[in-house]
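As stored in my_file.pdb (PDB, C-alpha atoms and all ligand atoms):
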ATOM      1  CA  MET A 246     -27.029  61.970 -18.752
ATOM      2  CA  PRO A 247     -27.121  63.391 -22.323
ATOM      3  CA  THR A 248     -28.689  61.212 -25.035
ATOM      4  CA  LEU A 249     -27.172  60.105 -28.338
ATOM      5  CA  LYS A 250     -27.728  62.341 -31.350
ATOM      6  CA  VAL A 251     -29.398  59.533 -33.230
ATOM      7  CA  ALA A 252     -29.111  60.792 -36.828
ATOM      8  CA  ASP A 253     -25.437  61.760 -36.426
ATOM      9  CA  PHE A 254     -24.650  58.468 -34.732
ATOM     10  CA  ALA A 255     -26.291  56.292 -37.389
ATOM     11  CA  HIS A 256     -24.604  58.304 -40.144
ATOM     12  CA  ARG A 257     -21.195  57.929 -38.571
ATOM     13  CA  TYR A 258     -21.391  54.340 -37.305
ATOM     14  CA  GLY A 259     -24.158  52.674 -39.352
ATOM     15  CA  PRO A 260     -25.649  50.925 -41.078
ATOM     16  CA  VAL A 261     -24.779  47.723 -39.161
ATOM     17  CA  ALA A 262     -23.270  47.282 -35.693
ATOM     18  CA  LEU A 263     -21.654  44.043 -34.587
ATOM     19  CA  VAL A 264     -21.878  43.341 -30.853
ATOM     20  CA  ALA A 265     -19.654  40.441 -29.832
ATOM     21  CA  GLY A 266     -21.016  39.139 -26.523
ATOM     22  CA  ALA A 267     -24.488  40.580 -26.849
ATOM     23  CA  SER A 268     -27.123  38.438 -25.196
ATOM     24  CA  GLU A 269     -27.128  39.835 -21.668
ATOM     25  CA  GLY A 270     -25.557  42.405 -19.383
ATOM     26  CA  ILE A 271     -23.613  45.276 -20.903
ATOM     27  CA  GLY A 272     -23.665  43.698 -24.384
ATOM     28  CA  ALA A 273     -27.471  43.558 -24.404
ATOM     29  CA  ALA A 274     -27.548  47.171 -23.181
ATOM     30  CA  PHE A 275     -25.325  48.176 -26.123
ATOM     31  CA  ALA A 276     -27.696  46.328 -28.461
ATOM     32  CA  HIS A 277     -30.726  48.204 -27.078
ATOM     33  CA  GLU A 278     -29.002  51.599 -27.375
ATOM     34  CA  LEU A 279     -27.812  50.901 -30.909
ATOM     35  CA  ALA A 280     -31.190  49.590 -32.087
ATOM     36  CA  SER A 281     -32.860  52.687 -30.676
ATOM     37  CA  ALA A 282     -30.392  54.770 -32.710
ATOM     38  CA  GLY A 283     -31.690  52.920 -35.804
ATOM     39  CA  LEU A 284     -28.683  50.697 -36.483
ATOM     40  CA  GLN A 285     -29.121  47.172 -37.806
ATOM     41  CA  LEU A 286     -27.428  44.585 -35.642
ATOM     42  CA  VAL A 287     -25.414  41.415 -35.718
ATOM     43  CA  LEU A 288     -25.497  39.895 -32.231
ATOM     44  CA  VAL A 289     -23.034  37.213 -31.150
ATOM     45  CA  ALA A 290     -23.056  34.907 -28.105
ATOM     46  CA  ARG A 291     -22.806  31.203 -27.313
ATOM     47  CA  ARG A 292     -26.320  30.449 -26.020
ATOM     48  CA  ALA A 293     -29.087  30.549 -28.608
ATOM     49  CA  GLN A 294     -32.053  31.099 -26.329
ATOM     50  CA  PRO A 295     -31.181  34.472 -24.699
ATOM     51  CA  LEU A 296     -29.683  35.666 -27.972
ATOM     52  CA  ASP A 297     -32.805  34.907 -30.033
ATOM     53  CA  LYS A 298     -35.050  36.363 -27.330
ATOM     54  CA  LEU A 299     -33.125  39.644 -27.402
ATOM     55  CA  ALA A 300     -33.108  39.720 -31.206
ATOM     56  CA  GLY A 301     -36.904  39.271 -31.225
ATOM     57  CA  GLU A 302     -37.380  42.073 -28.674
ATOM     58  CA  LEU A 303     -35.212  44.479 -30.630
ATOM     59  CA  ARG A 304     -37.026  43.763 -33.905
ATOM     60  CA  ALA A 305     -40.396  44.242 -32.211
ATOM     61  CA  VAL A 306     -39.529  47.400 -30.270
ATOM     62  CA  HIS A 307     -37.253  49.232 -32.704
ATOM     63  CA  GLY A 308     -38.186  47.733 -36.073
ATOM     64  CA  VAL A 309     -34.543  47.170 -37.022
ATOM     65  CA  GLU A 310     -33.015  44.202 -38.801
ATOM     66  CA  VAL A 311     -31.231  41.897 -36.335
ATOM     67  CA  ARG A 312     -29.198  38.776 -37.084
ATOM     68  CA  SER A 313     -28.123  36.515 -34.268
ATOM     69  CA  LEU A 314     -25.089  34.336 -34.535
ATOM     70  CA  ARG A 315     -24.162  31.555 -32.129
ATOM     71  CA  CYS A 316     -20.440  31.396 -31.794
ATOM     72  CA  ASP A 317     -17.770  30.808 -29.151
ATOM     73  CA  LEU A 318     -15.136  33.529 -29.326
ATOM     74  CA  GLY A 319     -12.807  31.352 -27.271
ATOM     75  CA  GLU A 320     -12.550  28.808 -30.072
ATOM     76  CA  GLU A 321      -9.996  28.923 -32.811
ATOM     77  CA  ALA A 322     -12.639  29.236 -35.544
ATOM     78  CA  GLY A 323     -14.949  31.640 -33.649
ATOM     79  CA  ALA A 324     -13.734  34.904 -35.147
ATOM     80  CA  ASP A 325     -13.562  33.386 -38.643
ATOM     81  CA  ALA A 326     -17.213  32.299 -38.385
ATOM     82  CA  ILE A 327     -18.210  35.873 -37.503
ATOM     83  CA  ILE A 328     -16.160  37.378 -40.310
ATOM     84  CA  GLU A 329     -17.725  34.905 -42.751
ATOM     85  CA  ALA A 330     -21.276  35.594 -41.495
ATOM     86  CA  CYS A 331     -20.722  39.344 -41.910
ATOM     87  CA  ARG A 332     -19.420  39.096 -45.473
ATOM     88  CA  GLY A 333     -21.369  41.579 -47.602
ATOM     89  CA  LEU A 334     -22.549  43.602 -44.581
ATOM     90  CA  GLU A 335     -21.258  47.112 -43.968
ATOM     91  CA  ILE A 336     -20.197  46.889 -40.344
ATOM     92  CA  GLY A 337     -19.795  50.496 -39.196
ATOM     93  CA  LEU A 338     -19.383  49.744 -35.496
ATOM     94  CA  LEU A 339     -17.730  46.879 -33.643
ATOM     95  CA  VAL A 340     -18.396  46.495 -29.928
ATOM     96  CA  TYR A 341     -16.230  43.761 -28.428
ATOM     97  CA  ASN A 342     -17.897  43.019 -25.124
ATOM     98  CA  ALA A 343     -17.514  39.272 -24.496
ATOM     99  CA  ALA A 344     -15.125  38.239 -21.777
ATOM    100  CA  ALA A 345     -13.990  35.166 -19.901
ATOM    101  CA  SER A 346     -12.813  35.640 -16.354
ATOM    102  CA  ALA A 347     -10.804  33.285 -14.244
ATOM    103  CA  VAL A 348     -11.626  34.185 -10.646
ATOM    104  CA  GLY A 349      -9.482  32.671  -7.920
ATOM    105  CA  ARG A 350      -5.849  32.155  -7.076
ATOM    106  CA  PHE A 351      -3.679  31.993 -10.210
ATOM    107  CA  LEU A 352      -1.899  28.778  -9.275
ATOM    108  CA  ASP A 353      -5.081  27.034  -8.120
ATOM    109  CA  THR A 354      -6.746  27.641 -11.500
ATOM    110  CA  PRO A 355      -5.934  25.354 -14.463
ATOM    111  CA  VAL A 356      -3.741  27.098 -16.996
ATOM    112  CA  ALA A 357      -6.342  26.213 -19.661
ATOM    113  CA  THR A 358      -8.762  28.609 -17.920
ATOM    114  CA  HIS A 359      -6.213  31.429 -18.063
ATOM    115  CA  LEU A 360      -5.498  30.665 -21.705
ATOM    116  CA  ARG A 361      -9.211  30.771 -22.477
ATOM    117  CA  ALA A 362      -9.316  34.293 -21.000
ATOM    118  CA  VAL A 363      -6.472  35.226 -23.354
ATOM    119  CA  ASP A 364      -8.373  33.769 -26.328
ATOM    120  CA  VAL A 365     -11.739  35.404 -25.603
ATOM    121  CA  ASN A 366     -10.505  38.707 -24.154
ATOM    122  CA  ALA A 367      -7.351  39.448 -26.144
ATOM    123  CA  ARG A 368      -7.089  37.286 -29.271
ATOM    124  CA  GLY A 369     -10.780  37.813 -30.137
ATOM    125  CA  PRO A 370     -10.756  41.631 -30.089
ATOM    126  CA  MET A 371      -7.468  41.727 -31.997
ATOM    127  CA  LEU A 372      -8.848  39.488 -34.762
ATOM    128  CA  LEU A 373     -12.160  41.333 -35.090
ATOM    129  CA  ALA A 374     -10.602  44.821 -34.855
ATOM    130  CA  HIS A 375      -8.217  43.804 -37.632
ATOM    131  CA  ALA A 376     -10.907  42.248 -39.819
ATOM    132  CA  PHE A 377     -13.510  45.021 -39.498
ATOM    133  CA  GLY A 378     -11.139  47.978 -38.925
ATOM    134  CA  GLY A 379      -9.694  47.564 -42.432
ATOM    135  CA  PRO A 380     -12.971  48.088 -44.331
ATOM    136  CA  MET A 381     -13.900  50.938 -41.935
ATOM    137  CA  ALA A 382     -10.612  52.702 -42.655
ATOM    138  CA  ALA A 383     -11.136  52.165 -46.401
ATOM    139  CA  ARG A 384     -14.590  53.798 -46.127
ATOM    140  CA  GLY A 385     -13.169  56.622 -43.975
ATOM    141  CA  ARG A 386     -15.661  56.143 -41.156
ATOM    142  CA  GLY A 387     -16.553  53.755 -38.369
ATOM    143  CA  GLY A 388     -16.054  52.944 -34.712
ATOM    144  CA  ILE A 389     -14.592  50.244 -32.481
ATOM    145  CA  ILE A 390     -15.312  49.887 -28.761
ATOM    146  CA  LEU A 391     -13.301  47.408 -26.707
ATOM    147  CA  MET A 392     -14.624  46.642 -23.249
ATOM    148  CA  SER A 393     -11.921  46.922 -20.637
ATOM    149  CA  SER A 394     -12.135  47.306 -16.881
ATOM    150  CA  LEU A 395     -10.696  49.127 -13.878
ATOM    151  CA  THR A 396      -8.523  46.026 -13.472
ATOM    152  CA  ALA A 397      -6.595  47.277 -16.520
ATOM    153  CA  PHE A 398      -4.795  49.934 -14.476
ATOM    154  CA  GLN A 399      -2.835  47.717 -12.066
ATOM    155  CA  GLY A 400      -2.226  44.062 -11.387
ATOM    156  CA  THR A 401      -5.222  42.618  -9.554
ATOM    157  CA  PRO A 402      -4.811  39.555  -7.327
ATOM    158  CA  PHE A 403      -7.497  36.840  -7.703
ATOM    159  CA  VAL A 404      -8.306  37.948 -11.287
ATOM    160  CA  VAL A 405      -4.693  38.027 -12.422
ATOM    161  CA  SER A 406      -5.074  36.813 -16.007
ATOM    162  CA  TYR A 407      -8.430  38.574 -16.556
ATOM    163  CA  GLY A 408      -6.858  41.880 -15.431
ATOM    164  CA  ALA A 409      -3.881  41.335 -17.722
ATOM    165  CA  THR A 410      -6.175  40.819 -20.716
ATOM    166  CA  LYS A 411      -8.134  43.950 -19.814
ATOM    167  CA  ALA A 412      -4.846  45.924 -19.770
ATOM    168  CA  PHE A 413      -4.202  44.476 -23.219
ATOM    169  CA  ASN A 414      -7.571  45.794 -24.439
ATOM    170  CA  LEU A 415      -6.936  49.233 -22.997
ATOM    171  CA  VAL A 416      -3.555  49.545 -24.678
ATOM    172  CA  LEU A 417      -4.787  47.973 -27.929
ATOM    173  CA  ALA A 418      -7.676  50.436 -28.134
ATOM    174  CA  GLU A 419      -5.544  53.467 -27.285
ATOM    175  CA  GLY A 420      -2.957  52.536 -29.883
ATOM    176  CA  LEU A 421      -5.644  51.963 -32.508
ATOM    177  CA  TRP A 422      -7.251  55.300 -31.597
ATOM    178  CA  GLY A 423      -3.897  56.966 -32.334
ATOM    179  CA  GLU A 424      -3.509  55.172 -35.673
ATOM    180  CA  LEU A 425      -7.040  55.164 -37.012
ATOM    181  CA  LYS A 426      -8.378  58.616 -36.128
ATOM    182  CA  GLU A 427      -6.665  60.099 -39.175
ATOM    183  CA  ARG A 428      -8.479  57.476 -41.278
ATOM    184  CA  GLY A 429     -11.891  58.418 -39.883
ATOM    185  CA  VAL A 430     -12.277  55.490 -37.476
ATOM    186  CA  ASP A 431     -12.997  56.228 -33.799
ATOM    187  CA  VAL A 432     -11.685  53.740 -31.247
ATOM    188  CA  LEU A 433     -12.542  53.653 -27.562
ATOM    189  CA  ALA A 434     -11.471  51.620 -24.554
ATOM    190  CA  CYS A 435     -14.344  51.441 -22.089
ATOM    191  CA  CYS A 436     -13.166  50.781 -18.533
ATOM    192  CA  ALA A 437     -16.152  49.781 -16.441
ATOM    193  CA  GLY A 438     -16.183  49.125 -12.725
ATOM    194  CA  ALA A 439     -18.598  46.786 -10.967
ATOM    195  CA  THR A 440     -21.760  46.582 -13.084
ATOM    196  CA  LEU A 441     -24.917  44.682 -12.170
ATOM    197  CA  THR A 442     -24.928  42.136 -14.985
ATOM    198  CA  PRO A 443     -25.913  38.465 -14.739
ATOM    199  CA  GLY A 444     -22.233  37.580 -15.128
ATOM    200  CA  TYR A 445     -21.225  39.900 -12.278
ATOM    201  CA  LYS A 446     -23.978  38.551 -10.025
ATOM    202  CA  ARG A 447     -22.968  34.951 -10.745
ATOM    203  CA  ALA A 448     -19.294  35.652 -10.012
ATOM    204  CA  THR A 449     -19.632  37.922  -6.997
ATOM    205  CA  PRO A 450     -20.540  36.569  -3.565
ATOM    206  CA  LEU A 451     -23.071  38.564  -1.514
ATOM    207  CA  ARG A 452     -20.476  39.492   1.083
ATOM    208  CA  ALA A 453     -18.637  41.397  -1.665
ATOM    209  CA  GLU A 454     -20.486  44.682  -1.310
ATOM    210  CA  HIS A 455     -18.009  46.943   0.433
ATOM    211  CA  ARG A 456     -19.227  50.186   1.881
ATOM    212  CA  LEU A 457     -16.254  52.196   0.563
ATOM    213  CA  ALA A 458     -16.443  50.800  -2.998
ATOM    214  CA  PRO A 459     -18.405  52.774  -5.634
ATOM    215  CA  LYS A 460     -21.972  51.494  -6.064
ATOM    216  CA  PRO A 461     -22.257  48.991  -8.962
ATOM    217  CA  GLN A 462     -23.569  50.584 -12.148
ATOM    218  CA  ASP A 463     -26.531  49.631 -14.258
ATOM    219  CA  PRO A 464     -25.493  48.055 -17.622
ATOM    220  CA  ALA A 465     -27.515  50.655 -19.566
ATOM    221  CA  GLU A 466     -25.526  53.492 -17.968
ATOM    222  CA  VAL A 467     -22.239  51.845 -18.953
ATOM    223  CA  ALA A 468     -23.316  51.331 -22.573
ATOM    224  CA  ARG A 469     -24.655  54.875 -22.906
ATOM    225  CA  GLU A 470     -21.533  56.461 -21.409
ATOM    226  CA  ALA A 471     -19.372  54.471 -23.823
ATOM    227  CA  LEU A 472     -21.422  55.422 -26.885
ATOM    228  CA  LEU A 473     -21.372  59.087 -25.865
ATOM    229  CA  ALA A 474     -17.586  58.998 -25.412
ATOM    230  CA  LEU A 475     -16.921  57.332 -28.792
ATOM    231  CA  GLY A 476     -15.302  59.856 -31.142
ATOM    232  CA  ARG A 477     -14.463  62.178 -28.242
ATOM    233  CA  HIS A 478     -11.884  60.269 -26.204
ATOM    234  CA  PRO A 479      -9.654  57.200 -26.525
ATOM    235  CA  LEU A 480     -10.700  56.016 -23.040
ATOM    236  CA  VAL A 481     -13.777  56.306 -20.879
ATOM    237  CA  ILE A 482     -14.028  55.225 -17.255
ATOM    238  CA  THR A 483     -17.727  54.790 -16.628
ATOM    239  CA  GLY A 484     -19.421  56.005 -13.449
ATOM    240  CA  ARG A 485     -18.511  59.072 -11.423
ATOM    241  CA  GLY A 486     -17.486  57.017  -8.370
ATOM    242  CA  ASN A 487     -15.208  54.851 -10.536
ATOM    243  CA  ARG A 488     -13.615  57.919 -12.138
ATOM    244  CA  ILE A 489     -12.853  59.419  -8.727
ATOM    245  CA  ALA A 490     -11.532  56.146  -7.274
ATOM    246  CA  SER A 491      -9.407  55.527 -10.353
ATOM    247  CA  PHE A 492      -8.061  59.097 -10.363
ATOM    248  CA  VAL A 493      -7.058  58.873  -6.699
ATOM    249  CA  MET A 494      -5.379  55.496  -7.156
ATOM    250  CA  ARG A 495      -3.479  56.475 -10.277
ATOM    251  CA  ARG A 496      -2.486  59.936  -9.056
ATOM    252  CA  PHE A 497      -1.673  59.321  -5.393
ATOM    253  CA  PHE A 498      -0.918  55.600  -4.998
ATOM    254  CA  SER A 499       2.340  53.930  -5.955
ATOM    255  CA  ARG A 500       1.740  50.930  -8.243
ATOM    256  CA  ARG A 501       2.742  48.709  -5.332
ATOM    257  CA  LEU A 502       0.111  50.300  -3.052
ATOM    258  CA  ALA A 503      -2.512  50.049  -5.807
ATOM    259  CA  VAL A 504      -1.878  46.296  -6.178
ATOM    260  CA  VAL A 505      -1.906  45.756  -2.401
ATOM    261  CA  THR A 506      -5.172  47.734  -2.043
ATOM    262  CA  MET A 507      -6.885  45.831  -4.860
ATOM    263  CA  GLY A 508      -5.578  42.553  -3.418
ATOM    264  CA  ARG A 509      -7.074  43.357  -0.016
ATOM    265  CA  GLU A 510     -10.481  44.040  -1.581
ATOM    266  CA  MET A 511     -10.377  40.940  -3.767
ATOM    267  CA  ARG A 512      -9.302  38.721  -0.866
ATOM    268  CA  LYS A 513     -12.427  39.785   1.067
ATOM    269  CA  ARG A 514     -14.542  38.716  -1.886
ATOM    270  CA  TYR A 515     -12.961  35.625  -3.243
ATOM    271  CA  ASP A 516     -10.509  34.056  -0.776
TER     272      ASP A 516
HETATM  273  N1  LIG A 601     -19.939  43.292 -15.056
HETATM  274  C1  LIG A 601     -18.933  43.939 -14.510
HETATM  275  O1  LIG A 601     -18.920  44.200 -13.295
HETATM  276  C2  LIG A 601     -17.784  44.416 -15.379
HETATM  277  C3  LIG A 601     -16.795  45.241 -14.802
HETATM  278  C4  LIG A 601     -15.740  45.667 -15.591
HETATM  279  C5  LIG A 601     -15.672  45.313 -16.917
HETATM  280  N2  LIG A 601     -16.624  44.497 -17.446
HETATM  281  C6  LIG A 601     -16.478  44.080 -18.826
HETATM  282  O2  LIG A 601     -17.672  44.328 -19.514
HETATM  283  C7  LIG A 601     -17.906  43.296 -20.472
HETATM  284  C8  LIG A 601     -19.279  42.699 -20.267
HETATM  285  O3  LIG A 601     -19.432  42.268 -18.961
HETATM  286  P1  LIG A 601     -20.735  41.507 -18.505
HETATM  287  O4  LIG A 601     -20.659  41.404 -17.036
HETATM  288  O5  LIG A 601     -21.901  42.101 -19.171
HETATM  289  O6  LIG A 601     -20.423  40.070 -19.130
HETATM  290  P2  LIG A 601     -21.276  38.725 -19.098
HETATM  291  O7  LIG A 601     -22.464  38.896 -18.227
HETATM  292  O8  LIG A 601     -20.295  37.698 -18.765
HETATM  293  O9  LIG A 601     -21.822  38.582 -20.598
HETATM  294  C9  LIG A 601     -21.092  38.811 -21.649
HETATM  295  C10 LIG A 601     -21.854  38.450 -22.922
HETATM  296  O10 LIG A 601     -20.882  37.849 -23.732
HETATM  297  C11 LIG A 601     -21.310  36.544 -24.141
HETATM  298  N3  LIG A 601     -20.117  35.714 -24.144
HETATM  299  C12 LIG A 601     -19.357  35.365 -23.085
HETATM  300  N4  LIG A 601     -18.357  34.554 -23.476
HETATM  301  C13 LIG A 601     -18.489  34.403 -24.821
HETATM  302  C14 LIG A 601     -17.777  33.662 -25.778
HETATM  303  N5  LIG A 601     -16.715  32.906 -25.458
HETATM  304  N6  LIG A 601     -18.168  33.728 -27.067
HETATM  305  C15 LIG A 601     -19.246  34.463 -27.429
HETATM  306  N7  LIG A 601     -19.973  35.178 -26.541
HETATM  307  C16 LIG A 601     -19.597  35.149 -25.250
HETATM  308  C17 LIG A 601     -22.367  36.125 -23.114
HETATM  309  O11 LIG A 601     -23.334  35.226 -23.659
HETATM  310  P3  LIG A 601     -23.098  33.621 -23.669
HETATM  311  O12 LIG A 601     -22.772  33.253 -22.261
HETATM  312  O13 LIG A 601     -24.380  33.060 -24.164
HETATM  313  O14 LIG A 601     -21.972  33.372 -24.607
HETATM  314  C18 LIG A 601     -23.015  37.465 -22.801
HETATM  315  O15 LIG A 601     -23.964  37.773 -23.761
HETATM  316  C19 LIG A 601     -16.770  42.301 -20.323
HETATM  317  O16 LIG A 601     -15.798  42.573 -21.308
HETATM  318  C20 LIG A 601     -16.227  42.579 -18.947
HETATM  319  O17 LIG A 601     -14.849  42.302 -18.858
HETATM  320  C21 LIG A 601     -17.682  44.033 -16.710
END
Hey, can you dump this file as C-alpha cells for me?
Amino acid sequence: MPTLKVADFAHRYGPVALVAGASEGIGAAFAHELASAGLQLVLVARRAQPLDKLAGELRAVHGVEVRSLRCDLGEEAGADAIIEACRGLEIGLLVYNAAASAVGRFLDTPVATHLRAVDVNARGPMLLAHAFGGPMAARGRGGIILMSSLTAFQGTPFVVSYGATKAFNLVLAEGLWGELKERGVDVLACCAGATLTPGYKRATPLRAEHRLAPKPQDPAEVAREALLALGRHPLVITGRGNRIASFVMRRFFSRRLAVVTMGREMRKRYD
C-alpha cells in the first residue's frame, strides 16, 4: 500500500487533528498514522485509562503534542465539551470514528439503545462537522472523515438502527464533499467492512467467521486507506474483498436480495 506524503498531508490537514473515538481500534490506528505524519492530536473517548496510555505512547514515539479528552459523545453536552476544549486550536482534520451499535433484533432491544446509536453515530458527527467545518472553510483548507460501514448500502437485519445511522454518515459525508470542496475542505465517508478491533471482537461470536465473507481487516489498513483516499474521493470502501463484495451486491443484486442476503449472514451470527 502507498504511504502518506507526510509534508503535504500536514500542510493540508494540520496542525491539529481531532479524533473522536480514539482510544482503541480504528480510532487508535488513525491517531498513530496522524502522529507519524507530524500532526498534533486531540483524542476523545469515554475511558481515561486506554486514552491516556495511547496519548503517552504517541508523545513518546512521535514527539507530537497530544491532548486527551474524556467525553461521552452520546450525551447531550458531549459535543459542546469537545468544541469548548478545542477553542483556540486550529483543527485541520476531524475524524469521527466513535460509534454505538445495537446488535440484536430491533423489537427485542430497548428503544433507548437505538436512540443512543442515533446520538453517537448521527447527531455527534453532524454537530462536530458543523462546528469544525466552518473554521476550516473560512481558512480554505481542512478535512473531515466520517466512519461509515458496508451496512450503509442496504438495510441490515440485526443491526437495523446501527446500519441506518451508517447510511446517514455516508450521505452526510457525500453531501458535504459536494458543498465544501469548492471551499478547500475535503470530506470522506469511509465504509469499512469487518475489522479486527476490540469492539468487533467483543460483539462478534466466534462462530461468525464465514468462509465466503472477506477476511476481517487490520485497523491500521483501514485508517491508512482512508487517509490516502481523503482529497481524492468522496467515499472509500476499505479492503479489496469488501470492494468486490460491495460492487457485486450493488451492481447485480436487487435491494430486496441484498437485504435478504445480509439478513441470512447476520442471523448466523447473532440469532
Ligand atoms: N470494527 C468493525 O468491524 C467495523 C466495521 C465497519 C465500520 N466500523 C466503524 O468504524 C468505527 C470504529 O470501529 P471500532 O470497531 O474501532 O470501534 P470501537 O472498538 O467500538 O471503538 C471506538 C472508539 O470510540 C470510543 N467511543 C465509543 N463510544 C464513544 C462515545 N459514546 N463517546 C466517546 N467515545 C466513544 C471508544 O472508546 P471508549 O469505549 O473508551 O469510549 C473507542 O476508542 C465505527 O464508526 C464503526 O461503526 C467498524
With 4 Å of padding per side, what axis-aligned box (centre and edge lengths, Å, one decimal) covers all the listed atoms of region 268-272 of chain A? Give it as AutoDock Vina command-line options.
--center_x -25.4 --center_y 41.9 --center_z -22.3 --size_x 11.5 --size_y 14.8 --size_z 13.8
Checklist entry - Using all atoms listed in the file, what are the residues with an atom within 6 Å of ligand LIG 601 (chain A), set out as a ChimeraX atom specification? => result /A:266-272,289-292,316-319,342-345,365,392-394,437-445
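The gap separating CA of Cys435 (chain A) from CA of Arg509 (chain A) is 24.6 Å, in Å to one decimal.
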Can you translate the PyMOL selection byres (((chain A and resi 375) around 12) and not hetatm) into the concrete residues it hits in this file, as a CSV table (one decimal) with C-alpha atoms, in the frame of the given file?
chain,number,residue,atom,x,y,z
A,324,ALA,CA,-13.7,34.9,-35.1
A,325,ASP,CA,-13.6,33.4,-38.6
A,328,ILE,CA,-16.2,37.4,-40.3
A,339,LEU,CA,-17.7,46.9,-33.6
A,368,ARG,CA,-7.1,37.3,-29.3
A,369,GLY,CA,-10.8,37.8,-30.1
A,370,PRO,CA,-10.8,41.6,-30.1
A,371,MET,CA,-7.5,41.7,-32.0
A,372,LEU,CA,-8.8,39.5,-34.8
A,373,LEU,CA,-12.2,41.3,-35.1
A,374,ALA,CA,-10.6,44.8,-34.9
A,376,ALA,CA,-10.9,42.2,-39.8
A,377,PHE,CA,-13.5,45.0,-39.5
A,378,GLY,CA,-11.1,48.0,-38.9
A,379,GLY,CA,-9.7,47.6,-42.4
A,380,PRO,CA,-13.0,48.1,-44.3
A,381,MET,CA,-13.9,50.9,-41.9
A,382,ALA,CA,-10.6,52.7,-42.7
A,389,ILE,CA,-14.6,50.2,-32.5
A,417,LEU,CA,-4.8,48.0,-27.9
A,418,ALA,CA,-7.7,50.4,-28.1
A,421,LEU,CA,-5.6,52.0,-32.5
A,425,LEU,CA,-7.0,55.2,-37.0
Checklist entry - In file coordinates, which residues lie within 7 Å of (-12.3, 54.6, -33.1) using only C-alpha atoms, given as a list in words? => result Gly387, Gly388, Ile389, Trp422, Leu425, Lys426, Val430, Asp431, Val432, Leu433, Leu475 and Gly476 of chain A
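Relative to CA of Ala300 (chain A), CA of Ala274 (chain A) is found at 12.3 Å.
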Next on the checklist: as a ChimeraX atom specification, please: the residues near Thr248 (chain A) (cut-off 10 Å, only C-alpha atoms, same-chain neighbours under 5 positions excluded).
Outcome noted: /A:278,469-470,472-473
Checklist entry - Selected by the PyMOL selection byres (((chain A and resi 401-410) around 7) and not hetatm) in the shown coordinates: which residues, as a list in words? => result Ser346, Ala347, Val348, Gly349, Arg350, Phe351, His359, Ala362, Val363, Asn366, Ala367, Thr396, Ala397, Gln399, Gly400, Lys411, Ala412, Phe413, Asn414, Val504, Met507, Gly508 and Met511 of chain A
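The closest residue to Pro247 (chain A), picked from A:Val493, A:Ala474, A:Val505, A:Cys331 and counting only C-alpha atoms, is A:Ala474.
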Item to check | Interatomic distance, CA of Arg315 (chain A) to CA of Pro355 (chain A) (Å, one decimal) | outcome: 26.1 Å
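For the residues A:Arg477, A:Arg257, A:Arg500, A:His307, ranking by smallest atom-to-atom distance to Arg384 (chain A) using all atoms listed in the file places A:Arg257 first.
Distances from A:Leu338, A:Ala326, A:Leu263, A:Ala458 to Glu510 (chain A) were compared using all atoms listed in the file, and the smallest one belongs to A:Ala458.
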Next on the checklist: Quick one: residues within 6 Å of Gly337 (chain A), only C-alpha atoms, excluding same-chain residues fewer than 5 positions away - as a ChimeraX atom specification?
Outcome noted: /A:258-259,261-262,387
Output file for the residues above (C-alpha atoms, as a short mmCIF file (atom, residue, chain, number, x, y, z; two decimals), in the coordinates of the input):
data_model
loop_
_atom_site.label_atom_id
_atom_site.label_comp_id
_atom_site.auth_asym_id
_atom_site.auth_seq_id
_atom_site.Cartn_x
_atom_site.Cartn_y
_atom_site.Cartn_z
CA TYR A 258 -21.39 54.34 -37.30
CA GLY A 259 -24.16 52.67 -39.35
CA VAL A 261 -24.78 47.72 -39.16
CA ALA A 262 -23.27 47.28 -35.69
CA GLY A 387 -16.55 53.76 -38.37
#
